[in-house]
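Enquirer: Just coords_8.cif, nothing more (mmCIF, C-alpha atoms):
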data_target
#
loop_
_atom_site.group_PDB
_atom_site.id
_atom_site.type_symbol
_atom_site.label_atom_id
_atom_site.label_comp_id
_atom_site.auth_asym_id
_atom_site.auth_seq_id
_atom_site.Cartn_x
_atom_site.Cartn_y
_atom_site.Cartn_z
ATOM 1 C CA MET A 1 75.443 86.619 -25.263
ATOM 2 C CA PRO A 2 71.911 87.124 -23.876
ATOM 3 C CA THR A 3 71.195 85.660 -20.429
ATOM 4 C CA THR A 4 67.745 84.452 -19.380
ATOM 5 C CA VAL A 5 66.507 84.492 -15.780
ATOM 6 C CA SER A 6 63.156 83.364 -14.378
ATOM 7 C CA ILE A 7 61.433 85.708 -11.942
ATOM 8 C CA ALA A 8 58.010 85.210 -10.318
ATOM 9 C CA SER A 9 55.430 87.859 -11.228
ATOM 10 C CA GLY A 10 56.006 90.907 -9.079
ATOM 11 C CA GLY A 11 59.512 89.746 -8.142
ATOM 12 C CA ILE A 12 62.729 91.742 -8.272
ATOM 13 C CA ILE A 13 65.679 90.709 -10.449
ATOM 14 C CA GLY A 14 68.219 92.153 -8.034
ATOM 15 C CA ASP A 15 71.657 93.601 -8.496
ATOM 16 C CA LYS A 16 73.812 92.144 -11.283
ATOM 17 C CA THR A 17 77.463 92.631 -12.191
ATOM 18 C CA PRO A 18 77.485 95.293 -14.912
ATOM 19 C CA PRO A 19 78.846 94.248 -18.318
ATOM 20 C CA ILE A 20 82.140 95.610 -19.639
ATOM 21 C CA LEU A 21 82.776 96.997 -23.113
ATOM 22 C CA GLU A 22 86.180 98.528 -23.858
ATOM 23 C CA GLY A 23 85.988 102.245 -24.568
ATOM 24 C CA TYR A 24 82.456 102.548 -23.176
ATOM 25 C CA THR A 25 80.817 103.122 -19.803
ATOM 26 C CA PHE A 26 77.778 101.051 -18.832
ATOM 27 C CA ILE A 27 74.886 103.353 -17.847
ATOM 28 C CA GLY A 28 72.072 100.891 -17.074
ATOM 29 C CA TRP A 29 69.459 98.447 -18.351
ATOM 30 C CA TYR A 30 66.655 99.599 -20.634
ATOM 31 C CA THR A 31 63.364 98.111 -21.828
ATOM 32 C CA ASP A 32 64.015 99.285 -25.402
ATOM 33 C CA ALA A 33 66.994 99.111 -27.730
ATOM 34 C CA GLU A 34 66.993 102.903 -28.125
ATOM 35 C CA ALA A 35 67.795 103.271 -24.393
ATOM 36 C CA GLN A 36 64.811 105.480 -23.684
ATOM 37 C CA THR A 37 63.181 103.733 -20.696
ATOM 38 C CA ILE A 38 65.473 102.572 -17.913
ATOM 39 C CA PHE A 39 64.685 99.522 -15.803
ATOM 40 C CA ASP A 40 65.964 99.429 -12.216
ATOM 41 C CA LEU A 41 66.978 95.832 -11.445
ATOM 42 C CA THR A 42 66.924 96.397 -7.681
ATOM 43 C CA ASN A 43 63.570 98.201 -7.409
ATOM 44 C CA ASP A 44 61.331 97.662 -10.451
ATOM 45 C CA PRO A 45 59.061 94.565 -10.187
ATOM 46 C CA VAL A 46 58.800 92.144 -13.088
ATOM 47 C CA THR A 47 55.146 91.955 -14.197
ATOM 48 C CA LYS A 48 55.581 90.435 -17.664
ATOM 49 C CA ASN A 49 58.194 88.902 -19.942
ATOM 50 C CA LEU A 50 60.951 91.451 -20.522
ATOM 51 C CA GLU A 51 63.864 91.851 -22.850
ATOM 52 C CA LEU A 52 66.383 94.259 -21.350
ATOM 53 C CA PHE A 53 69.043 96.111 -23.318
ATOM 54 C CA ALA A 54 72.364 97.400 -21.999
ATOM 55 C CA GLY A 55 72.822 101.146 -22.315
ATOM 56 C CA TRP A 56 76.276 102.500 -23.163
ATOM 57 C CA GLU A 57 78.003 105.805 -23.590
ATOM 58 C CA LYS A 58 81.477 106.547 -24.797
ATOM 59 C CA ALA A 59 83.955 106.462 -21.917
ATOM 60 C CA ARG A 60 85.467 109.731 -20.763
ATOM 61 C CA TYR A 61 89.132 109.879 -19.730
ATOM 62 C CA THR A 62 90.896 112.424 -17.558
ATOM 63 C CA ILE A 63 94.384 113.410 -18.704
ATOM 64 C CA THR A 64 96.637 115.376 -16.370
ATOM 65 C CA PHE A 65 100.047 116.908 -17.053
ATOM 66 C CA ASP A 66 103.030 116.776 -14.705
ATOM 67 C CA LEU A 67 105.947 119.100 -15.519
ATOM 68 C CA ARG A 68 108.410 117.177 -13.290
ATOM 69 C CA LEU A 69 110.527 120.260 -12.859
ATOM 70 C CA PRO A 70 114.271 119.712 -12.295
ATOM 71 C CA ASP A 71 114.972 119.346 -8.596
ATOM 72 C CA ASN A 72 117.596 122.072 -8.341
ATOM 73 C CA LEU A 73 115.559 124.952 -9.748
ATOM 74 C CA ASP A 74 115.199 128.152 -7.781
ATOM 75 C CA PRO A 75 112.209 127.498 -5.452
ATOM 76 C CA ALA A 76 110.740 130.811 -6.598
ATOM 77 C CA THR A 77 110.507 129.566 -10.185
ATOM 78 C CA THR A 78 106.914 129.350 -11.385
ATOM 79 C CA ILE A 79 105.638 127.831 -14.604
ATOM 80 C CA GLN A 80 102.073 127.189 -15.721
ATOM 81 C CA THR A 81 101.084 123.540 -15.974
ATOM 82 C CA PRO A 82 98.802 122.645 -18.920
ATOM 83 C CA SER A 83 95.155 122.305 -17.936
ATOM 84 C CA ILE A 84 93.564 118.911 -17.320
ATOM 85 C CA GLN A 85 91.931 117.519 -20.449
ATOM 86 C CA THR A 86 88.767 115.417 -20.387
ATOM 87 C CA ILE A 87 88.326 113.513 -23.640
ATOM 88 C CA THR A 88 85.983 110.930 -25.099
ATOM 89 C CA ALA A 89 87.401 107.474 -25.790
ATOM 90 C CA GLY A 90 88.875 107.340 -29.275
ATOM 91 C CA GLU A 91 89.740 111.039 -29.346
ATOM 92 C CA ALA A 92 93.279 112.432 -29.489
ATOM 93 C CA LEU A 93 94.624 115.006 -27.045
ATOM 94 C CA GLN A 94 94.532 118.711 -27.683
ATOM 95 C CA ALA A 95 97.751 120.641 -28.304
ATOM 96 C CA VAL A 96 99.228 122.524 -25.340
ATOM 97 C CA ASN A 97 101.796 125.288 -25.077
ATOM 98 C CA ILE A 98 105.372 124.022 -24.946
ATOM 99 C CA PRO A 99 106.686 124.791 -21.451
ATOM 100 C CA SER A 100 109.982 126.593 -20.951
ATOM 101 C CA LEU A 101 112.084 127.432 -17.925
ATOM 102 C CA PRO A 102 113.828 130.742 -17.130
ATOM 103 C CA SER A 103 117.191 129.014 -17.325
ATOM 104 C CA THR A 104 119.636 128.422 -20.152
ATOM 105 C CA ILE A 105 120.553 125.036 -18.663
ATOM 106 C CA TYR A 106 117.251 123.296 -19.401
ATOM 107 C CA THR A 107 115.314 122.754 -22.615
ATOM 108 C CA PHE A 108 112.013 120.965 -23.003
ATOM 109 C CA GLY A 109 112.570 117.337 -24.016
ATOM 110 C CA GLY A 110 109.027 116.333 -24.932
ATOM 111 C CA TRP A 111 105.997 114.648 -23.393
ATOM 112 C CA TRP A 112 106.187 111.089 -22.108
ATOM 113 C CA TYR A 113 103.824 108.552 -20.564
ATOM 114 C CA GLU A 114 104.083 105.244 -18.745
ATOM 115 C CA ASP A 115 103.537 102.139 -20.869
ATOM 116 C CA ASP A 116 103.640 98.870 -18.891
ATOM 117 C CA GLY A 117 106.132 100.371 -16.479
ATOM 118 C CA LYS A 118 108.318 101.967 -19.157
ATOM 119 C CA GLU A 119 108.337 105.513 -20.372
ATOM 120 C CA ALA A 120 107.273 106.140 -23.962
ATOM 121 C CA ARG A 121 107.634 109.385 -25.863
ATOM 122 C CA ILE A 122 104.628 111.152 -27.398
ATOM 123 C CA ASP A 123 105.795 112.714 -30.644
ATOM 124 C CA ASP A 124 102.566 114.660 -31.268
ATOM 125 C CA LEU A 125 99.855 115.177 -28.641
ATOM 126 C CA THR A 126 97.257 115.787 -31.329
ATOM 127 C CA GLN A 127 97.892 112.285 -32.728
ATOM 128 C CA PHE A 128 98.019 110.506 -29.367
ATOM 129 C CA VAL A 129 94.832 108.610 -28.409
ATOM 130 C CA PRO A 130 94.730 107.603 -24.703
ATOM 131 C CA THR A 131 93.058 104.356 -23.671
ATOM 132 C CA GLY A 132 92.251 105.419 -20.119
ATOM 133 C CA ASP A 133 92.940 107.997 -17.428
ATOM 134 C CA MET A 134 96.630 108.866 -17.451
ATOM 135 C CA THR A 135 99.296 111.383 -16.525
ATOM 136 C CA ILE A 136 101.533 112.885 -19.204
ATOM 137 C CA TYR A 137 105.022 113.857 -18.002
ATOM 138 C CA ALA A 138 107.415 116.508 -19.252
ATOM 139 C CA ARG A 139 111.078 115.671 -19.711
ATOM 140 C CA TRP A 140 113.841 118.251 -19.527
ATOM 141 C CA ASN A 141 117.138 118.069 -21.377
ATOM 142 C CA VAL A 142 120.246 119.596 -19.938
ATOM 143 C CA ASP A 143 122.683 121.535 -22.072
ATOM 144 C CA ASN A 144 125.809 119.385 -22.359
ATOM 145 C CA SER A 145 128.191 122.317 -22.064
ATOM 146 C CA PRO A 146 131.075 122.194 -19.549
ATOM 147 C CA TRP A 147 129.889 121.581 -15.987
ATOM 148 C CA ASP A 148 129.415 124.659 -13.809
ATOM 149 C CA GLY A 149 130.523 122.828 -10.673
ATOM 150 C CA SER A 150 127.148 122.908 -8.904
ATOM 151 C CA SER A 151 124.214 121.931 -11.150
ATOM 152 C CA ILE A 152 122.786 118.451 -10.588
ATOM 153 C CA VAL A 153 119.935 116.594 -12.281
ATOM 154 C CA THR A 154 118.514 113.433 -10.685
ATOM 155 C CA ILE A 155 114.968 113.051 -12.023
ATOM 156 C CA HIS A 156 115.940 111.038 -15.118
ATOM 157 C CA ILE A 157 118.051 108.681 -12.989
ATOM 158 C CA ILE A 158 115.143 108.091 -10.601
ATOM 159 C CA GLN A 159 112.791 107.449 -13.526
ATOM 160 C CA GLN A 160 115.119 104.825 -15.013
ATOM 161 C CA ALA A 161 115.810 102.928 -11.795
ATOM 162 C CA ASP A 162 112.986 100.397 -12.229
ATOM 163 C CA ASN A 163 113.421 99.602 -15.920
ATOM 164 C CA THR A 164 113.688 95.927 -16.761
ATOM 165 C CA ASP A 165 117.104 96.074 -18.460
ATOM 166 C CA ASN A 166 118.778 97.595 -15.359
ATOM 167 C CA ILE A 167 120.536 100.276 -17.414
ATOM 168 C CA ILE A 168 120.846 103.836 -16.119
ATOM 169 C CA GLU A 169 121.778 106.240 -18.924
ATOM 170 C CA ILE A 170 123.796 109.334 -17.994
ATOM 171 C CA ARG A 171 123.860 112.013 -20.691
ATOM 172 C CA THR A 172 125.294 115.134 -19.070
ATOM 173 C CA ALA A 173 127.750 116.278 -16.435
ATOM 174 C CA SER A 174 124.829 117.480 -14.310
ATOM 175 C CA GLU A 175 123.328 113.979 -14.363
ATOM 176 C CA LEU A 176 126.688 112.435 -13.463
ATOM 177 C CA ALA A 177 126.847 114.862 -10.539
ATOM 178 C CA GLY A 178 123.282 113.839 -9.671
ATOM 179 C CA LEU A 179 124.366 110.194 -9.572
ATOM 180 C CA ALA A 180 127.119 111.132 -7.120
ATOM 181 C CA ARG A 181 124.613 113.052 -4.989
ATOM 182 C CA ILE A 182 122.301 110.030 -4.790
ATOM 183 C CA VAL A 183 125.027 107.461 -4.050
ATOM 184 C CA ASN A 184 126.748 109.607 -1.442
ATOM 185 C CA GLY A 185 123.615 109.902 0.686
ATOM 186 C CA ASP A 186 122.879 113.582 0.105
ATOM 187 C CA THR A 187 119.367 115.005 0.260
ATOM 188 C CA VAL A 188 117.702 114.519 -3.123
ATOM 189 C CA SER A 189 114.256 115.881 -3.954
ATOM 190 C CA GLY A 190 111.743 113.290 -5.139
ATOM 191 C CA LEU A 191 113.846 110.251 -4.153
ATOM 192 C CA PRO A 192 111.587 107.391 -2.917
ATOM 193 C CA ASP A 193 112.274 106.211 0.638
ATOM 194 C CA ASP A 194 113.079 102.676 -0.571
ATOM 195 C CA PHE A 195 115.344 103.788 -3.425
ATOM 196 C CA ASP A 196 118.521 101.705 -3.766
ATOM 197 C CA ARG A 197 121.234 104.363 -3.568
ATOM 198 C CA THR A 198 123.952 101.730 -4.132
ATOM 199 C CA PHE A 199 122.615 100.889 -7.640
ATOM 200 C CA THR A 200 123.352 97.237 -6.950
ATOM 201 C CA GLY A 201 123.337 95.180 -10.156
ATOM 202 C CA LYS A 202 122.766 98.192 -12.410
ATOM 203 C CA THR A 203 124.723 99.168 -15.500
ATOM 204 C CA ILE A 204 125.664 102.851 -15.544
ATOM 205 C CA ARG A 205 126.034 103.869 -19.193
ATOM 206 C CA ILE A 206 127.704 107.201 -20.026
ATOM 207 C CA MET A 207 126.019 108.157 -23.293
ATOM 208 C CA ASN A 208 127.946 111.310 -24.240
ATOM 209 C CA ASP A 209 131.370 112.843 -23.727
ATOM 210 C CA ILE A 210 131.335 114.837 -20.491
ATOM 211 C CA ASP A 211 133.399 117.862 -19.503
ATOM 212 C CA LEU A 212 133.706 118.332 -15.731
ATOM 213 C CA ASN A 213 135.502 121.587 -16.486
ATOM 214 C CA GLY A 214 138.105 121.367 -13.738
ATOM 215 C CA LYS A 215 135.485 122.009 -11.054
ATOM 216 C CA LEU A 216 135.868 120.298 -7.685
ATOM 217 C CA TRP A 217 134.455 116.780 -8.057
ATOM 218 C CA THR A 218 133.241 114.542 -5.237
ATOM 219 C CA PRO A 219 133.960 110.865 -6.053
ATOM 220 C CA ILE A 220 130.932 108.607 -6.497
ATOM 221 C CA GLY A 221 130.837 106.376 -3.414
ATOM 222 C CA LYS A 222 132.322 106.880 0.025
ATOM 223 C CA THR A 223 132.629 105.196 3.418
ATOM 224 C CA GLY A 224 129.130 104.239 4.529
ATOM 225 C CA ASN A 225 127.694 104.943 1.077
ATOM 226 C CA LEU A 226 129.210 102.383 -1.271
ATOM 227 C CA PHE A 227 128.638 102.325 -5.020
ATOM 228 C CA GLN A 228 127.676 98.808 -6.152
ATOM 229 C CA ALA A 229 126.828 99.042 -9.837
ATOM 230 C CA SER A 230 127.789 95.899 -11.743
ATOM 231 C CA THR A 231 129.064 97.735 -14.834
ATOM 232 C CA ILE A 232 130.134 101.267 -15.708
ATOM 233 C CA GLU A 233 130.528 101.723 -19.434
ATOM 234 C CA GLY A 234 130.759 104.192 -22.254
ATOM 235 C CA ASN A 235 128.097 104.283 -24.922
ATOM 236 C CA PRO A 236 128.613 101.073 -26.971
ATOM 237 C CA ALA A 237 127.084 102.759 -30.044
ATOM 238 C CA LYS A 238 129.453 105.715 -29.960
ATOM 239 C CA GLY A 239 132.239 104.177 -32.048
ATOM 240 C CA SER A 240 134.978 105.333 -29.674
ATOM 241 C CA ARG A 241 135.571 105.511 -25.969
ATOM 242 C CA THR A 242 133.306 107.895 -24.136
ATOM 243 C CA ALA A 243 135.513 110.653 -22.737
ATOM 244 C CA ILE A 244 135.149 112.190 -19.303
ATOM 245 C CA LYS A 245 137.570 115.077 -19.048
ATOM 246 C CA GLY A 246 138.279 117.942 -16.681
ATOM 247 C CA LEU A 247 138.213 115.795 -13.525
ATOM 248 C CA MET A 248 139.625 117.611 -10.492
ATOM 249 C CA ASN A 249 139.438 116.565 -6.859
ATOM 250 C CA ASN A 250 141.223 116.180 -3.569
ATOM 251 C CA GLU A 251 138.310 114.953 -1.481
ATOM 252 C CA ALA A 252 138.705 113.485 2.012
ATOM 253 C CA ASP A 253 136.495 110.618 3.189
ATOM 254 C CA GLY A 254 137.124 110.121 6.903
ATOM 255 C CA ARG A 255 140.592 108.661 7.309
ATOM 256 C CA TYR A 256 140.363 107.282 3.764
ATOM 257 C CA HIS A 257 141.383 110.111 1.430
ATOM 258 C CA ILE A 258 140.075 109.284 -2.046
ATOM 259 C CA GLY A 259 140.687 110.954 -5.364
ATOM 260 C CA GLY A 260 139.034 109.878 -8.599
ATOM 261 C CA LEU A 261 135.826 109.854 -10.577
ATOM 262 C CA PHE A 262 134.629 106.952 -8.426
ATOM 263 C CA GLY A 263 135.293 106.444 -4.740
ATOM 264 C CA ARG A 264 134.454 103.390 -2.664
ATOM 265 C CA MET A 265 132.810 100.374 -4.277
ATOM 266 C CA SER A 266 131.647 97.050 -2.919
ATOM 267 C CA SER A 267 129.989 94.112 -4.615
ATOM 268 C CA GLY A 268 129.865 90.332 -4.612
ATOM 269 C CA ASN A 269 131.648 90.494 -7.949
ATOM 270 C CA PRO A 270 134.183 92.983 -9.305
ATOM 271 C CA VAL A 271 132.722 96.082 -10.914
ATOM 272 C CA GLU A 272 133.546 96.195 -14.614
ATOM 273 C CA ILE A 273 134.545 99.601 -15.974
ATOM 274 C CA ARG A 274 134.876 99.660 -19.759
ATOM 275 C CA ASN A 275 134.948 101.872 -22.829
ATOM 276 C CA ILE A 276 135.591 105.082 -20.869
ATOM 277 C CA SER A 277 138.589 107.390 -20.867
ATOM 278 C CA ILE A 278 139.059 109.701 -17.875
ATOM 279 C CA SER A 279 141.415 112.667 -17.773
ATOM 280 C CA GLY A 280 141.989 115.455 -15.310
ATOM 281 C CA GLU A 281 143.950 116.305 -12.207
ATOM 282 C CA ILE A 282 143.962 114.822 -8.729
ATOM 283 C CA THR A 283 145.959 116.897 -6.248
ATOM 284 C CA VAL A 284 147.130 115.616 -2.873
ATOM 285 C CA THR A 285 148.201 118.616 -0.817
ATOM 286 C CA THR A 286 147.306 117.665 2.765
ATOM 287 C CA SER A 287 149.585 116.044 5.338
ATOM 288 C CA PHE A 288 147.721 113.052 6.738
ATOM 289 C CA GLY A 289 148.097 111.613 10.212
ATOM 290 C CA ASN A 290 148.916 108.102 11.276
ATOM 291 C CA ASN A 291 146.727 105.243 9.994
ATOM 292 C CA SER A 292 145.534 107.314 7.039
ATOM 293 C CA THR A 293 145.143 105.843 3.579
ATOM 294 C CA VAL A 294 145.329 107.755 0.326
ATOM 295 C CA THR A 295 143.634 106.094 -2.653
ATOM 296 C CA ILE A 296 143.892 107.442 -6.184
ATOM 297 C CA GLY A 297 141.250 105.901 -8.433
ATOM 298 C CA VAL A 298 138.672 103.380 -7.244
ATOM 299 C CA ASN A 299 138.900 101.896 -3.755
ATOM 300 C CA TYR A 300 137.288 98.497 -4.223
ATOM 301 C CA LYS A 301 136.142 96.808 -1.048
ATOM 302 C CA GLU A 302 134.850 93.244 -0.667
#
Let me see the structure of the file written as structure tokens.
Expert:
Amino acid sequence: MPTTVSIASGGIIGDKTPPILEGYTFIGWYTDAEAQTIFDLTNDPVTKNLELFAGWEKARYTITFDLRLPDNLDPATTIQTPSIQTITAGEALQAVNIPSLPSTIYTFGGWWYEDDGKEARIDDLTQFVPTGDMTIYARWNVDNSPWDGSSIVTIHIIQQADNTDNIIEIRTASELAGLARIVNGDTVSGLPDDFDRTFTGKTIRIMNDIDLNGKLWTPIGKTGNLFQASTIEGNPAKGSRTAIKGLMNNEADGRYHIGGLFGRMSSGNPVEIRNISISGEITVTTSFGNNSTVTIGVNYKE
């Protein structure tokens, strides 16, 4: 709506808050509707009645790409990140080359962006119209073949930690191993300083059957690094119990020797474990000294 101000002849209007129009950038005030002659509110004197017109141009957005490479890649691995795109409001993104890694473990899982704090998948970049500056993230899938005993993936767990439904989805053995690495206090690349390693109040949902392949497994949770998820469950949409097979361990945790998929847990309420079957082998072969405790399964501590 037009605004009228009264200015004495020769006076200066002065600085005004620029108007806002979604998808456009305000470029100044003009004395003609065709935006040919600009009028400087802070310097040009008013010598006659004026009608000023807002000048606009289509907004320009900067789109950057982040490959979010898996944290356990060989440090020497190099991969070209797609170039920054600068687009006009209302335009879709340009297609980019699909990235790939020199590893048979990882496959490209698509482009994603943040939408009100949640990740959303972009099915086709050339159909995606940004509404502002943004970063587009790559996601990497991990081959769900039997675990190799060393590979870990934590990035997807970190990304899910702040979602509003408090559900952390684990899809592969490498992600389950990544969960153990986080909980047990190990060094994890990209983990925020304030990250809750206990996963207090979270639901850990095992989405797929997992084969730990008889490789040495470190239980999730130990003395000084307790696991405090509220629920650990198999995928409720699976139609049968989610199977975790090939478990093998004989880990020692101080004087508390713990064997199992999970180790030490603590919570104000009991942790509910449901819809999961676990099979494997736990071997106790060491002679323990006095005051030692051997726990097979979960050691729940109030």
Enquirer: Report as a ChimeraX atom specification the residues that result from applying the PyMOL selection byres ((chain A and resi 181-191) around 10) to the structure here.
Expert: /A:68,70-72,152-155,157-159,175-180,192-199,218-228,263-264
Enquirer: Under the PyMOL selection byres ((chain A and resi 132-149) around 8), which residues of this model are included? Write them out as a tab-separated table (two decimals) with C-alpha atoms, in the frame of the given file.
Expert:
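selection18.tsv, freshly written:
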chain	number	residue	atom	x	y	z
A	61	TYR	CA	89.13	109.88	-19.73
A	62	THR	CA	90.90	112.42	-17.56
A	63	ILE	CA	94.38	113.41	-18.70
A	64	THR	CA	96.64	115.38	-16.37
A	65	PHE	CA	100.05	116.91	-17.05
A	66	ASP	CA	103.03	116.78	-14.70
A	67	LEU	CA	105.95	119.10	-15.52
A	68	ARG	CA	108.41	117.18	-13.29
A	69	LEU	CA	110.53	120.26	-12.86
A	70	PRO	CA	114.27	119.71	-12.30
A	89	ALA	CA	87.40	107.47	-25.79
A	104	THR	CA	119.64	128.42	-20.15
A	105	ILE	CA	120.55	125.04	-18.66
A	106	TYR	CA	117.25	123.30	-19.40
A	107	THR	CA	115.31	122.75	-22.62
A	108	PHE	CA	112.01	120.96	-23.00
A	109	GLY	CA	112.57	117.34	-24.02
A	110	GLY	CA	109.03	116.33	-24.93
A	111	TRP	CA	106.00	114.65	-23.39
A	112	TRP	CA	106.19	111.09	-22.11
A	113	TYR	CA	103.82	108.55	-20.56
A	130	PRO	CA	94.73	107.60	-24.70
A	131	THR	CA	93.06	104.36	-23.67
A	150	SER	CA	127.15	122.91	-8.90
A	151	SER	CA	124.21	121.93	-11.15
A	171	ARG	CA	123.86	112.01	-20.69
A	172	THR	CA	125.29	115.13	-19.07
A	173	ALA	CA	127.75	116.28	-16.43
A	174	SER	CA	124.83	117.48	-14.31
A	210	ILE	CA	131.34	114.84	-20.49
A	211	ASP	CA	133.40	117.86	-19.50
A	212	LEU	CA	133.71	118.33	-15.73
A	213	ASN	CA	135.50	121.59	-16.49
A	215	LYS	CA	135.49	122.01	-11.05
A	216	LEU	CA	135.87	120.30	-7.68
A	217	TRP	CA	134.46	116.78	-8.06
Enquirer: What is the distance between atom CA of A:Ser83 and atom CA of A:Glu114, in Å to one decimal?
Expert: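 Going from atom CA of A:Ser83 over to atom CA of A:Glu114 covers 19.3 Å.
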Enquirer: Atom CA of A:Leu261 and atom CA of A:Ala243 are how many Å apart?
Expert: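 Rounded to one decimal, the two atoms are 12.2 Å apart.
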Enquirer: When you count only C-alpha atoms, which of these residues is closest to A:Lys245: A:Glu281, A:Glu51, A:Glu272, A:Asp123?
Expert: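 Among the listed residues, A:Glu281 lies closest to A:Lys245.
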Enquirer: With distances taken over all atoms listed in the file, which residue among A:Thr25, A:Lys48, A:Phe39, A:Thr31 lies nearest A:Gly10?
Expert: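 The shortest atom-to-atom distance to A:Gly10 comes from A:Lys48.
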